[in-house]
>>> print(open('run37.pdb').read())   # PDB, C-alpha atoms
ATOM      1  CA  MET L   1      10.347  11.814  13.726
ATOM      2  CA  LYS L   2       9.552  13.227  17.156
ATOM      3  CA  TYR L   3       5.953  12.240  17.902
ATOM      4  CA  ALA L   4       3.647   9.232  17.520
ATOM      5  CA  HIS L   5       0.069   8.535  18.545
ATOM      6  CA  ILE L   6      -1.044   5.632  20.769
ATOM      7  CA  ASN L   7      -4.680   5.054  21.697
ATOM      8  CA  GLY L   8      -5.660   8.709  21.405
ATOM      9  CA  THR L   9      -2.565  10.187  23.063
ATOM     10  CA  ILE L  10       0.432  11.949  21.533
ATOM     11  CA  VAL L  11       3.703  10.499  22.850
ATOM     12  CA  GLU L  12       7.388  10.981  22.162
ATOM     13  CA  HIS L  13       8.341   8.706  19.275
ATOM     14  CA  THR L  14      11.169   7.154  21.304
ATOM     15  CA  GLN L  15       8.728   6.380  24.138
ATOM     16  CA  ALA L  16       5.980   4.843  21.977
ATOM     17  CA  THR L  17       5.460   1.334  23.362
ATOM     18  CA  LEU L  18       2.906  -1.453  23.786
ATOM     19  CA  HIS L  19       2.931  -4.213  26.388
ATOM     20  CA  ILE L  20       4.432  -7.574  25.432
ATOM     21  CA  SER L  21       1.033  -9.271  25.850
ATOM     22  CA  ASP L  22      -0.282  -7.555  22.716
ATOM     23  CA  LEU L  23      -1.609 -10.045  20.139
ATOM     24  CA  GLY L  24       0.030  -8.095  17.322
ATOM     25  CA  LEU L  25       3.360  -9.165  18.792
ATOM     26  CA  ARG L  26       2.400 -12.581  20.172
ATOM     27  CA  ARG L  27       0.307 -13.862  17.238
ATOM     28  CA  GLY L  28       0.736 -11.337  14.427
ATOM     29  CA  TYR L  29      -2.966 -10.533  14.864
ATOM     30  CA  ALA L  30      -3.145  -6.999  13.526
ATOM     31  CA  VAL L  31      -4.027  -4.896  10.508
ATOM     32  CA  PHE L  32      -2.273  -1.811   9.273
ATOM     33  CA  GLU L  33      -2.404   0.943   6.716
ATOM     34  CA  PHE L  34       0.395   2.958   5.157
ATOM     35  CA  PHE L  35       0.173   6.104   3.057
ATOM     36  CA  ARG L  36       2.555   8.708   1.701
ATOM     37  CA  ILE L  37       2.849  12.275   2.895
ATOM     38  CA  LEU L  38       3.679  14.650   0.047
ATOM     39  CA  ARG L  39       3.888  18.414   0.609
ATOM     40  CA  GLY L  40       2.356  17.813   4.012
ATOM     41  CA  VAL L  41      -0.681  16.102   2.453
ATOM     42  CA  PRO L  42      -1.702  12.509   3.363
ATOM     43  CA  VAL L  43      -2.153  11.025  -0.112
ATOM     44  CA  PHE L  44      -5.539   9.400  -0.823
ATOM     45  CA  LEU L  45      -6.251   9.409   2.918
ATOM     46  CA  GLU L  46     -10.006   8.833   2.569
ATOM     47  CA  ASP L  47      -9.377   5.621   0.604
ATOM     48  CA  HIS L  48      -6.825   4.382   3.120
ATOM     49  CA  LEU L  49      -9.141   5.003   6.061
ATOM     50  CA  GLU L  50     -11.906   3.077   4.306
ATOM     51  CA  ARG L  51      -9.594   0.115   3.652
ATOM     52  CA  PHE L  52      -8.329   0.286   7.233
ATOM     53  CA  GLU L  53     -11.881  -0.156   8.504
ATOM     54  CA  ASN L  54     -12.536  -3.007   6.060
ATOM     55  CA  SER L  55      -9.355  -4.818   7.103
ATOM     56  CA  ALA L  56     -10.298  -4.461  10.772
ATOM     57  CA  ARG L  57     -13.786  -5.802  10.059
ATOM     58  CA  LEU L  58     -12.349  -8.891   8.372
ATOM     59  CA  LEU L  59     -10.309  -9.616  11.516
ATOM     60  CA  GLU L  60     -13.330  -8.796  13.695
ATOM     61  CA  LEU L  61     -11.533  -5.861  15.270
ATOM     62  CA  GLU L  62     -13.340  -2.617  16.036
ATOM     63  CA  VAL L  63     -11.621   0.637  15.100
ATOM     64  CA  PRO L  64     -12.028   2.695  18.294
ATOM     65  CA  TYR L  65     -12.379   6.077  16.565
ATOM     66  CA  SER L  66     -14.410   7.591  13.735
ATOM     67  CA  ARG L  67     -12.812   8.446  10.394
ATOM     68  CA  ASP L  68     -13.006  12.157  11.206
ATOM     69  CA  THR L  69     -11.227  11.590  14.507
ATOM     70  CA  LEU L  70      -8.539   9.484  12.846
ATOM     71  CA  GLU L  71      -8.002  12.144  10.198
ATOM     72  CA  GLY L  72      -7.638  14.720  12.965
ATOM     73  CA  TYR L  73      -5.000  12.598  14.704
ATOM     74  CA  ILE L  74      -3.108  12.155  11.434
ATOM     75  CA  LEU L  75      -3.131  15.856  10.569
ATOM     76  CA  GLU L  76      -1.998  16.637  14.116
ATOM     77  CA  LEU L  77       0.957  14.270  13.742
ATOM     78  CA  ILE L  78       1.887  15.830  10.419
ATOM     79  CA  ARG L  79       1.905  19.299  11.981
ATOM     80  CA  MET L  80       3.777  18.316  15.138
ATOM     81  CA  ASN L  81       6.450  16.430  13.185
ATOM     82  CA  HIS L  82       6.688  19.159  10.505
ATOM     83  CA  LEU L  83       6.249  16.327   8.052
ATOM     84  CA  GLU L  84       6.389  17.491   4.436
ATOM     85  CA  GLN L  85       7.639  14.265   2.847
ATOM     86  CA  GLY L  86       7.458  10.753   4.259
ATOM     87  CA  GLY L  87       4.832   8.271   5.316
ATOM     88  CA  ILE L  88       2.487   7.335   8.123
ATOM     89  CA  GLN L  89       1.588   3.840   9.308
ATOM     90  CA  MET L  90      -1.582   3.050  11.233
ATOM     91  CA  LEU L  91      -1.537  -0.198  13.215
ATOM     92  CA  LEU L  92      -4.538  -1.812  14.892
ATOM     93  CA  THR L  93      -3.689  -4.859  17.004
ATOM     94  CA  GLY L  94      -5.694  -7.586  18.699
ATOM     95  CA  GLY L  95      -5.019  -5.909  22.036
ATOM     96  CA  TYR L  96      -3.582  -7.190  25.294
ATOM     97  CA  SER L  97      -4.351 -10.852  25.934
ATOM     98  CA  GLU L  98      -3.843 -12.756  29.177
ATOM     99  CA  ASP L  99      -3.909 -16.132  27.429
ATOM    100  CA  ALA L 100      -1.874 -14.878  24.437
ATOM    101  CA  PHE L 101      -4.708 -15.933  22.151
ATOM    102  CA  THR L 102      -8.000 -14.168  22.845
ATOM    103  CA  PRO L 103      -8.397 -10.652  21.348
ATOM    104  CA  SER L 104      -9.446  -7.796  23.598
ATOM    105  CA  ARG L 105      -9.761  -4.037  23.114
ATOM    106  CA  PRO L 106      -7.560  -3.182  20.118
ATOM    107  CA  ASN L 107      -4.526  -0.958  20.436
ATOM    108  CA  LEU L 108      -4.136   1.779  17.839
ATOM    109  CA  VAL L 109      -0.736   3.139  16.885
ATOM    110  CA  ILE L 110      -0.250   5.943  14.358
ATOM    111  CA  ALA L 111       3.378   6.724  13.616
ATOM    112  CA  PRO L 112       5.398   8.583  10.975
ATOM    113  CA  ILE L 113       7.879   6.582   8.922
ATOM    114  CA  ALA L 114      10.754   7.726   6.731
ATOM    115  CA  VAL L 115      10.262   6.805   3.071
ATOM    116  CA  ASN L 116      12.925   6.100   0.460
ATOM    117  CA  PRO L 117      11.230   6.160  -2.971
ATOM    118  CA  PRO L 118      12.570   3.802  -5.665
ATOM    119  CA  PRO L 119      15.410   5.236  -7.774
ATOM    120  CA  PRO L 120      14.437   7.107 -10.976
ATOM    121  CA  HIS L 121      16.108   4.577 -13.278
ATOM    122  CA  LEU L 122      13.422   2.002 -12.438
ATOM    123  CA  TYR L 123      10.847   4.261 -14.085
ATOM    124  CA  GLU L 124      13.065   5.085 -17.062
ATOM    125  CA  GLN L 125      14.377   1.567 -17.753
ATOM    126  CA  GLY L 126      11.833  -0.582 -15.904
ATOM    127  CA  GLY L 127      12.306  -2.904 -12.963
ATOM    128  CA  LYS L 128      12.729  -6.635 -12.488
ATOM    129  CA  VAL L 129      10.555  -9.015 -10.452
ATOM    130  CA  ILE L 130      11.010 -12.563  -9.223
ATOM    131  CA  LEU L 131       8.261 -15.160  -8.771
ATOM    132  CA  HIS L 132       7.289 -17.187  -5.722
ATOM    133  CA  GLN L 133       4.482 -19.670  -5.157
ATOM    134  CA  ASN L 134       2.467 -18.362  -2.239
ATOM    135  CA  LEU L 135      -1.161 -17.706  -1.317
ATOM    136  CA  ARG L 136      -1.758 -15.049   1.306
ATOM    137  CA  GLU L 137      -4.283 -15.873   3.996
ATOM    138  CA  LEU L 138      -7.214 -13.446   3.992
ATOM    139  CA  PRO L 139      -5.701 -11.452   1.107
ATOM    140  CA  GLU L 140      -8.459  -8.820   1.096
ATOM    141  CA  ALA L 141      -7.250  -7.560   4.500
ATOM    142  CA  LYS L 142      -4.050  -5.580   4.945
ATOM    143  CA  THR L 143      -2.665  -7.594   7.843
ATOM    144  CA  THR L 144       0.822  -7.538   9.317
ATOM    145  CA  ASP L 145       1.495 -11.062   7.990
ATOM    146  CA  TYR L 146       4.416 -10.231   5.693
ATOM    147  CA  LEU L 147       6.419 -13.331   6.622
ATOM    148  CA  VAL L 148       7.058 -14.440   3.033
ATOM    149  CA  ALA L 149       7.831 -10.960   1.685
ATOM    150  CA  VAL L 150      10.265 -10.211   4.497
ATOM    151  CA  ARG L 151      11.945 -13.617   4.191
ATOM    152  CA  LEU L 152      12.394 -13.148   0.444
ATOM    153  CA  ALA L 153      13.657  -9.561   0.673
ATOM    154  CA  ARG L 154      17.289 -10.691   0.666
ATOM    155  CA  ARG L 155      16.735 -12.803  -2.471
ATOM    156  CA  VAL L 156      14.934  -9.920  -4.176
ATOM    157  CA  ARG L 157      17.917  -7.638  -3.563
ATOM    158  CA  ALA L 158      20.478 -10.312  -4.481
ATOM    159  CA  GLU L 159      18.831 -10.851  -7.872
ATOM    160  CA  GLY L 160      18.628  -7.142  -8.624
ATOM    161  CA  ALA L 161      14.835  -7.187  -8.461
ATOM    162  CA  THR L 162      12.406  -4.681  -7.015
ATOM    163  CA  GLU L 163       9.580  -7.012  -5.982
ATOM    164  CA  VAL L 164       8.354 -10.597  -5.643
ATOM    165  CA  ILE L 165       5.169 -11.646  -7.449
ATOM    166  CA  TYR L 166       3.001 -14.365  -5.891
ATOM    167  CA  HIS L 167       1.321 -17.167  -7.845
ATOM    168  CA  ASP L 168      -0.284 -20.547  -7.146
ATOM    169  CA  GLY L 169       1.288 -22.389 -10.059
ATOM    170  CA  GLN L 170      -1.471 -21.368 -12.475
ATOM    171  CA  TRP L 171      -2.641 -17.856 -11.573
ATOM    172  CA  VAL L 172      -0.686 -14.808 -10.486
ATOM    173  CA  SER L 173      -2.159 -12.551  -7.830
ATOM    174  CA  GLU L 174      -0.103  -9.616  -6.546
ATOM    175  CA  GLY L 175       3.276  -8.491  -5.355
ATOM    176  CA  GLY L 176       4.607  -8.810  -1.838
ATOM    177  CA  ARG L 177       4.021  -5.078  -1.359
ATOM    178  CA  SER L 178       2.244  -4.016  -4.542
ATOM    179  CA  SER L 179      -0.648  -4.596  -6.914
ATOM    180  CA  LEU L 180      -0.069  -6.154 -10.331
ATOM    181  CA  SER L 181      -1.444  -5.185 -13.740
ATOM    182  CA  VAL L 182      -0.553  -6.439 -17.202
ATOM    183  CA  ILE L 183      -1.229  -4.978 -20.632
ATOM    184  CA  LYS L 184      -1.881  -7.329 -23.531
ATOM    185  CA  ASN L 185      -3.076  -6.280 -26.989
ATOM    186  CA  GLY L 186      -3.963  -2.844 -25.709
ATOM    187  CA  VAL L 187      -6.053  -4.095 -22.751
ATOM    188  CA  LEU L 188      -5.195  -3.440 -19.099
ATOM    189  CA  ILE L 189      -5.798  -6.581 -17.006
ATOM    190  CA  THR L 190      -5.747  -6.646 -13.209
ATOM    191  CA  ALA L 191      -7.216  -8.942 -10.563
ATOM    192  CA  ARG L 192     -10.181  -7.778  -8.497
ATOM    193  CA  GLU L 193     -10.738 -10.778  -6.198
ATOM    194  CA  GLY L 194      -8.339 -12.746  -4.017
ATOM    195  CA  VAL L 195      -5.975  -9.763  -3.688
ATOM    196  CA  LEU L 196      -5.600  -6.727  -1.487
ATOM    197  CA  PRO L 197      -7.677  -3.866  -2.935
ATOM    198  CA  GLY L 198      -4.788  -1.563  -3.791
ATOM    199  CA  ILE L 199      -5.405   2.161  -3.321
ATOM    200  CA  THR L 200      -2.898   3.266  -5.952
ATOM    201  CA  ARG L 201      -4.313   0.595  -8.265
ATOM    202  CA  ARG L 202      -7.800   2.081  -7.742
ATOM    203  CA  HIS L 203      -6.568   5.507  -8.817
ATOM    204  CA  LEU L 204      -4.598   4.040 -11.716
ATOM    205  CA  LEU L 205      -7.805   2.508 -13.062
ATOM    206  CA  GLN L 206      -9.476   5.916 -12.869
ATOM    207  CA  VAL L 207      -6.850   7.537 -15.066
ATOM    208  CA  ALA L 208      -6.619   4.481 -17.343
ATOM    209  CA  LYS L 209     -10.295   4.461 -18.367
ATOM    210  CA  PRO L 210      -9.932   7.115 -21.098
ATOM    211  CA  LEU L 211      -6.734   5.521 -22.400
ATOM    212  CA  LEU L 212      -7.453   1.814 -22.895
ATOM    213  CA  PRO L 213      -9.975  -0.953 -22.140
ATOM    214  CA  ILE L 214      -9.813  -2.527 -18.673
ATOM    215  CA  GLU L 215     -10.536  -6.104 -17.574
ATOM    216  CA  GLU L 216     -10.706  -6.867 -13.857
ATOM    217  CA  ARG L 217     -10.163 -10.619 -13.627
ATOM    218  CA  THR L 218      -7.646 -13.246 -12.637
ATOM    219  CA  ILE L 219      -4.361 -13.311 -14.556
ATOM    220  CA  ALA L 220      -2.914 -16.607 -15.740
ATOM    221  CA  LEU L 221       0.798 -17.186 -15.178
ATOM    222  CA  GLU L 222       1.241 -17.605 -18.916
ATOM    223  CA  GLU L 223      -0.427 -14.226 -19.482
ATOM    224  CA  LEU L 224       2.202 -12.650 -17.274
ATOM    225  CA  PHE L 225       4.978 -14.195 -19.357
ATOM    226  CA  THR L 226       3.429 -13.096 -22.663
ATOM    227  CA  ALA L 227       2.280  -9.622 -21.574
ATOM    228  CA  ASP L 228       3.286  -6.643 -23.696
ATOM    229  CA  GLU L 229       3.747  -4.515 -20.576
ATOM    230  CA  VAL L 230       3.626  -5.088 -16.813
ATOM    231  CA  LEU L 231       2.962  -2.533 -14.087
ATOM    232  CA  LEU L 232       3.263  -2.533 -10.305
ATOM    233  CA  THR L 233       1.410  -0.007  -8.168
ATOM    234  CA  GLY L 234       1.719   0.940  -4.524
ATOM    235  CA  ALA L 235       1.859   3.871  -2.133
ATOM    236  CA  THR L 236       5.645   4.233  -2.305
ATOM    237  CA  ARG L 237       6.387   3.052  -5.843
ATOM    238  CA  GLN L 238       3.240   4.701  -7.304
ATOM    239  CA  VAL L 239       3.131   3.371 -10.915
ATOM    240  CA  MET L 240       6.233   1.398 -11.888
ATOM    241  CA  PRO L 241       6.912  -0.368 -15.197
ATOM    242  CA  ILE L 242       8.398  -3.866 -15.084
ATOM    243  CA  THR L 243      10.582  -4.922 -18.008
ATOM    244  CA  ARG L 244      11.967  -8.223 -16.714
ATOM    245  CA  ILE L 245      10.432 -11.261 -15.006
ATOM    246  CA  GLU L 246      13.358 -13.232 -13.599
ATOM    247  CA  ASP L 247      15.360 -14.110 -16.750
ATOM    248  CA  ARG L 248      12.577 -13.207 -19.226
ATOM    249  CA  PRO L 249      12.133  -9.789 -20.820
ATOM    250  CA  VAL L 250       8.659  -8.255 -20.782
ATOM    251  CA  GLY L 251       7.623  -7.476 -24.354
ATOM    252  CA  SER L 252      10.491  -5.622 -26.027
ATOM    253  CA  GLY L 253      12.353  -5.348 -22.735
ATOM    254  CA  GLN L 254      11.786  -1.585 -22.758
ATOM    255  CA  VAL L 255       9.275   0.624 -20.956
ATOM    256  CA  GLY L 256       6.234   0.524 -23.226
ATOM    257  CA  PRO L 257       4.011   3.345 -24.532
ATOM    258  CA  TYR L 258       1.044   2.501 -22.323
ATOM    259  CA  ALA L 259       3.221   2.479 -19.212
ATOM    260  CA  ARG L 260       4.592   5.901 -20.109
ATOM    261  CA  ALA L 261       1.114   7.273 -20.776
ATOM    262  CA  LEU L 262      -0.277   5.812 -17.557
ATOM    263  CA  MET L 263       2.627   7.090 -15.447
ATOM    264  CA  ALA L 264       2.112  10.582 -16.849
ATOM    265  CA  ALA L 265      -1.655  10.432 -16.338
ATOM    266  CA  PHE L 266      -1.242   9.211 -12.762
ATOM    267  CA  GLN L 267       1.211  11.997 -11.932
ATOM    268  CA  LYS L 268      -1.241  14.561 -13.294
ATOM    269  CA  HIS L 269      -4.013  12.967 -11.222
ATOM    270  CA  LEU L 270      -1.820  12.980  -8.094
ATOM    271  CA  GLU L 271      -0.851  16.612  -8.648
ATOM    272  CA  ALA L 272      -4.516  17.598  -8.892
ATOM    273  CA  TYR L 273      -5.258  15.727  -5.662
ATOM    274  CA  LEU L 274      -2.398  17.417  -3.796
ATOM    275  CA  ASN L 275      -3.452  20.845  -5.023
ATOM    276  CA  GLN L 276      -7.070  20.254  -4.028
ATOM    277  CA  ARG L 277      -6.108  19.107  -0.531
ATOM    278  CA  ALA L 278      -3.774  22.081  -0.133
ATOM    279  CA  ILE L 279      -6.609  24.465  -1.031
ATOM    280  CA  GLN L 280      -8.926  22.721   1.432
ATOM    281  CA  ARG L 281      -6.281  23.032   4.150
ATOM    282  CA  GLU L 282      -5.776  26.745   3.473
ATOM    283  CA  THR L 283      -9.539  27.344   3.433
ATOM    284  CA  SER L 284      -9.993  25.519   6.744
ATOM    285  CA  GLY L 285      -7.125  27.481   8.260
ATOM    286  CA  SER L 286      -8.541  30.816   7.135
ATOM    287  CA  LYS L 287     -11.830  29.942   8.880
ATOM    288  CA  GLY L 288     -10.011  29.168  12.089
ATOM    289  CA  ILE L 289     -11.007  25.512  11.998
TER
END
>>> encode(input="run37.pdb", output="structure tokens")
Amino acid sequence: MKYAHINGTIVEHTQATLHISDLGLRRGYAVFEFFRILRGVPVFLEDHLERFENSARLLELEVPYSRDTLEGYILELIRMNHLEQGGIQMLLTGGYSEDAFTPSRPNLVIAPIAVNPPPPHLYEQGGKVILHQNLRELPEAKTTDYLVAVRLARRVRAEGATEVIYHDGQWVSEGGRSSLSVIKNGVLITAREGVLPGITRRHLLQVAKPLLPIEERTIALEELFTADEVLLTGATRQVMPITRIEDRPVGSGQVGPYARALMAAFQKHLEAYLNQRAIQRETSGSKGI
């Protein structure tokens, strides 16, 4: 990755820096957004930009550029880095602060990131998750507060899991880096409130509507244990079936029929999106825009 973007200026990736007084570093006061780049296309970019603005609003930070301007910066980075596959992270911090506490003008960083998708066997055989009691502060905002997820990453790997699922002892909410859905008696259940509004989850629900009933509500811990199928969604993992919760199998312990149908439907939906964006890009290029 050769180039990044800081506060409206393209810089060499190795020279991309912020001052040590930035509140994102000093207090973890920042929001971010991450999305995949596939075939040179920023996947579901319009949804990510909307969530980026909403996250900033919840932290009372002002995004210094319009959505159109941000999209222009992102497309410029994709072109300059010849980025066909990978990811981009947008970071909006609390800005430089003399007292290390009071926010000022936010700093905006847009940078490409290498992406290593999960191995294929997790989609063929299903993955494993572990559980951890934790409530994220301001869960509706995508903040940089990943303290628990990062701290537990070693345990996740050691136990052969792919993710940690948060709960409060009675209700489950979401994964450390993913949204959670369960299927019980042919109904897809996923939380709407008290969780980050997942972009991939939003698109999964679109493709799921013709296939099965949907309930957007809180999920009891016991419902997770007795679910017929469990799914995780996210920008990198897309739609992933889960067949084991710690030492408990999910349903039959195999990837279920709904998971297979939903994975196929999502891939078809994603393919249509990529093709549409590619056509739009070619049309814009032919007009000299």
>>> resolve_selection(input="run37.pdb", expression="the PyMOL selection byres ((chain L and resi 204) around 10)", output="PyMOL selection string")
chain L and resi 181+198-203+205-209+233+238-239+262-263+265-267+269
>>> atom_distance(input="run37.pdb", atom1="atom CA of Tyr258 of chain L", atom2="atom CA of Glu223 of chain L")
17.0 Å
>>> resolve_selection(input="run37.pdb", expression="the PyMOL selection byres ((chain L and resi 133-144) around 6)", output="list in words")
Ala30, Val31, Phe32, Ser55, His132, Asp145, Tyr146, Tyr166, His167, Asp168, Gly194, Val195 and Leu196 of chain L
>>> resolve_selection(input="run37.pdb", expression="the PyMOL selection byres ((chain L and resi 246-250) around 12)", output="JSON, numbers by chain")
{"L": [125, 126, 127, 128, 129, 130, 131, 132, 155, 156, 158, 159, 160, 161, 162, 163, 164, 165, 182, 183, 184, 223, 224, 225, 226, 227, 228, 229, 230, 231, 241, 242, 243, 244, 245, 251, 252, 253, 254, 255, 256]}
>>> atom_distance(input="run37.pdb", atom1="atom CA of Asp47 of chain L", atom2="atom CA of Leu77 of chain L")
18.8 Å
>>> residues_near_point(input="run37.pdb", point="(2.0, 17.8, 1.7)", cutoff="9 Å", atoms="only C-alpha atoms", output="list in words")
Ile37, Leu38, Arg39, Gly40, Val41, Pro42, Val43, Ile78, Leu83, Glu84, Gln85, Leu274, Arg277 and Ala278 of chain L
>>> closest_residue(input="run37.pdb", among="L:Glu216, L:Glu222, L:Asp99, L:Glu282", to="Ser21 of chain L", atoms="all atoms listed in the file")
L:Asp99
>>> residues_near_point(input="run37.pdb", point="(0.7, 6.3, 25.7)", cutoff="10 Å", atoms="only C-alpha atoms", output="MDAnalysis selection string")
chainID L and resid 4:12 15:18 109
>>> atom_distance(input="run37.pdb", atom1="atom CA of Ile20 of chain L", atom2="atom CA of Leu91 of chain L")
15.5 Å
>>> closest_residue(input="run37.pdb", among="L:Met1, L:Leu59, L:Ile74, L:Ala191", to="Thr14 of chain L", atoms="all atoms listed in the file")
L:Met1
>>> residues_around(input="run37.pdb", residues="segment 22-25 of chain L", least_positions_apart="6", cutoff="6 Å", atoms="only C-alpha atoms", output="list in words")
Thr93, Gly94, Gly95 and Tyr96 of chain L
>>> closest_residue(input="run37.pdb", among="L:Trp171, L:Phe101, L:Phe44, L:Tyr273", to="Glu71 of chain L", atoms="all atoms listed in the file")
L:Phe44
